[in-house]
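Since the structure comes first, as structure tokens, the remarks are kept for the end.
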Amino acid sequence: MRLRKLTLRHFRNVGFAALELKGRQQFLVGANGQGKTNLLEAAGFLTALRSFRAAENKLLVGHGEHTAAIACELEHERQGETKVTIKLRPDGKELWCDNERVTRLADYLGKFPTVVFSSQDLQLVRGSPAGRRRWLDLTLAAMDARYLRALQTFTRALAERNALLKRGVADDAQLSAFEQTLAPAAAELISLRAAGLKALGASLEKNYARLCDEAEPAGLTYEPDFAEPSAEALLARLESGRSRDAQFRTTLVGPHRDDFHFTVRHTAAKEFASEGQQRSLVLALRLAQAAWFQEKSGIRPVLLADDVLGELDPTRRRRFWSAIDSESQVIATGTSLPDAVLGTWQVFAVADGVFTEKVTDLEATA
């Protein structure tokens with residue numbers, strides 16, 4: 001898949017921008033806070049109608065505006081020339097594909113994959129379980145309608161059960177009504193997360209070996225809050241824990257408390273890996289995500305690299321670039337232009353939400 005034109009209106013600090021994208025590599029250069037990441041955020045919205053930075057649409061709509069819009073024109077392996085338009089409001093969104101309204105997200109998922117490489121990805125190693133769960137949910141739901149349905153069902157049932165617990169008026173019959181829905185969805189999430197992380201972990205191991213010393217094994221370890229992917233077992237656990245849940249006024253067991261961890265040399269990367277190893281781990285994870293997206297969808301993802309090249313030492317930078325699929329489109333950002341050795345780039349200067357194409361491209365010297 002190639003993104004050939006990207007138009008934004010009232011998206012964050014970008015009042016209006018229309019970028020014609022030529023070739024395989026684009027680079028957005030400018031000082032911090034000018035709008036470079038906002039454009040990548042808009043491009044990444046294509047995949048699952050979710051931001052990789054914000055959980056709420058209202059944060060994406062420009063200050064003082066009622067709506068924002070993203071329009072993408074694409075060359076697509078299966079659909080040919082395609083146009084996708086997304087209209088955002090603080091309370092919702094509309095999706096149009098080739099001038100037809102799309103009303104079911106499940107009909108859209110998996111068609112337009114993108115993968116974001118962000119300097120904030122280190123938080124996947126160092127940060128909270130909630131951040132890792134959000135990444136996992138976005139990744140798996142983007143390609144699997146079954147996962148999305150299970151996640152939506154579980155989230156609704158959990159919210160209703162917790163609302164009863166918070167009010168302190170729930171009896172067993174009321175709790176049971178939501179548990180009958182919650183338990184099967186939770187069991188399905190646990191099973192699908194285990195399978196997804198297994199596949200992603202195998203690919204991460206291979207990509208990490210390409211970025212670093214092959215004698216230094218790396219991997220992912222899934223840590224479900226409730227390890228048995230059985231609706232019956234989870235239902236029994238919820239029933240037996242009602243009094244404790246009532247005391248704490250929240251549901252204390254389930255996949256909303258899951259986590260996964262990175263390992264290097266069979267030890268926890270969060271505690272024992274160097275910064276260089278941690279950066280390589282998250283790069284390897286994103287490369288694994290791109291490979292998994294392509295395997296699941298049959299579509300080559302667009303790669304969005306947000307200020308990551310400048311944070312790598314020259315050796316890791318070269319290895320990272322050699323690990324990228326040579327046919328994938330790459331849109332990257334930075335405060336200075338990339339090394340010429342990384343190839344020919346179409347360059348846009350970015351200042352205060354305005355994107356200006358520079359007339360001189362960077363030419364490869366090797």
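Residue numbering restarts at 1 for every chain of the structure tokens, chains are lettered A, B, ... in their displayed order, and ligands are numbered from 1 as they appear.
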Inset, instruction - Find the residues near Pro113 (chain A): any atom within 8 Å, counting only C-alpha atoms, skip ones fewer than 5 places away on the same chain, and give them as number ranges by chain. - result: A: 46-47, 142, 293-294, 297, 299-302
Keeping C-alpha atoms, export the residues of the selection given above as a PDB file, in the first residue's frame.
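Saved file selection.pdb follows:
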```
ATOM      1  CA  LEU A  46      -6.265   4.945   8.736  1.00  0.00           C
ATOM      2  CA  THR A  47      -5.655   1.556  10.317  1.00  0.00           C
ATOM      3  CA  ALA A 142      -6.803  -3.742  13.817  1.00  0.00           C
ATOM      4  CA  PHE A 293      -0.134  -6.932   9.656  1.00  0.00           C
ATOM      5  CA  GLN A 294       1.075  -7.933   6.193  1.00  0.00           C
ATOM      6  CA  SER A 297      -4.146  -8.628   5.649  1.00  0.00           C
ATOM      7  CA  ILE A 299      -1.365  -5.627   2.407  1.00  0.00           C
ATOM      8  CA  ARG A 300       2.086  -4.082   2.856  1.00  0.00           C
ATOM      9  CA  PRO A 301       1.807  -1.484   5.681  1.00  0.00           C
ATOM     10  CA  VAL A 302       2.906   2.122   5.414  1.00  0.00           C
TER      11      VAL A 302
END
```
Between region 196-270 of chain A and region 156-176 of chain A, at 10 Å or less, what are the per-residue closest atom pairs and their distances in Å? Count only C-alpha atoms, order by chain and rising residue number, and return it as a Markdown table.
```
| residue | atom | partner | partner_atom | distance |
| --- | --- | --- | --- | --- |
| A:Leu235 | CA | A:Ser176 | CA | 8.9 |
| A:Leu238 | CA | A:Ser176 | CA | 8.9 |
| A:Glu239 | CA | A:Ser176 | CA | 7.6 |
| A:Arg242 | CA | A:Asp172 | CA | 8.0 |
| A:Ser243 | CA | A:Asp172 | CA | 9.7 |
| A:Asp245 | CA | A:Leu165 | CA | 7.2 |
| A:Ala246 | CA | A:Leu165 | CA | 5.5 |
| A:Gln247 | CA | A:Leu165 | CA | 8.5 |
| A:Phe248 | CA | A:Leu165 | CA | 8.2 |
| A:Arg249 | CA | A:Leu165 | CA | 4.6 |
| A:Thr250 | CA | A:Asn162 | CA | 5.1 |
| A:Thr251 | CA | A:Asn162 | CA | 6.2 |
| A:Leu252 | CA | A:Asn162 | CA | 9.8 |
| A:Gly254 | CA | A:Leu158 | CA | 9.2 |
| A:His256 | CA | A:Leu158 | CA | 8.8 |
```
Legend entry - Point-to-point distance in Å for CA of Val330 (chain A) and CA of Gly276 (chain A):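 Rounded to one decimal, the two atoms are 22.7 Å apart.
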Inset, instruction - Could you tell me, as a count of residues only, which residues of region 16-216 of chain A DSSP assigns to strand (DSSP E) when given the backbone? - result: 43
Legend entry - Å distance separating CA of Asp313 (chain A) from CA of Gly44 (chain A), one decimal place: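 It comes out at 26.2 Å.
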Inset, instruction - Select, from A:Ala209, A:Ala215, A:Val14, A:Ile331, the residue with the minimum atom-to-atom distance to Leu283 (chain A), counting only C-alpha atoms. - result: A:Ala209
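All residues of protein, DNA or RNA that reach within 12 Å of Leu234 (chain A), judged by only C-alpha atoms and not counting those fewer than 6 positions away in the chain, are Glu179, Gln180, Thr181, Leu182, Ala183, Pro184, Ala185, Ala186, Ala187, Glu188, Ile190, Asp225, Phe226, Ala227, Glu228, Ser240, Gly241, Leu252, Val253, Gly254 and Pro255 of chain A.
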Could you write out the selected residues, including C-alpha atoms, as a compact mmCIF listing (two decimals), in the first residue's frame?
```txt
# COMPACT_ATOMS: atom_id res chain seq x y z
CA GLU A 179 -20.84 -12.11 34.43
CA GLN A 180 -22.63 -14.40 31.98
CA THR A 181 -21.59 -12.03 29.20
CA LEU A 182 -18.26 -10.96 30.64
CA ALA A 183 -16.72 -14.41 31.23
CA PRO A 184 -16.94 -15.84 27.66
CA ALA A 185 -15.64 -12.59 26.16
CA ALA A 186 -12.79 -12.51 28.69
CA ALA A 187 -11.84 -16.11 27.93
CA GLU A 188 -11.76 -15.35 24.21
CA ILE A 190 -7.10 -14.35 26.85
CA ASP A 225 -4.23 -12.02 35.21
CA PHE A 226 -6.23 -15.24 34.94
CA ALA A 227 -4.26 -17.86 33.08
CA GLU A 228 -6.97 -20.38 32.16
CA SER A 240 -16.27 -16.57 44.32
CA GLY A 241 -14.74 -13.07 44.32
CA LEU A 252 -10.36 -7.54 40.53
CA VAL A 253 -9.87 -10.41 38.09
CA GLY A 254 -9.86 -10.52 34.30
CA PRO A 255 -7.99 -9.51 31.15
```
Inset, instruction - Can you work out the spacing between CA of Ala288 (chain A) and CA of Pro338 (chain A) in Å, to one decimal? - result: 23.7 Å
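Across A:Leu312, A:Cys97, A:Leu28, A:Ala55, the tightest approach to Gln79 (chain A) is made by A:Cys97 when counting only C-alpha atoms.
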Inset, instruction - Please give the complete set of residues from region 181-363 of chain A that DSSP, run on the backbone, assigns to alpha helix (DSSP H), formatted as a ChimeraX atom specification. - result: /A:181-211,231-240,242-248,269-272,275-297,314-323
Inset, instruction - Show which residues sit within 10 Å of region 80-85 of chain A, as a PyMOL selection string. Count only C-alpha atoms, and ignore same-chain residues fewer than 2 positions away. - result: chain A and resi 1-8+46+69-78+87-88+94-101+112
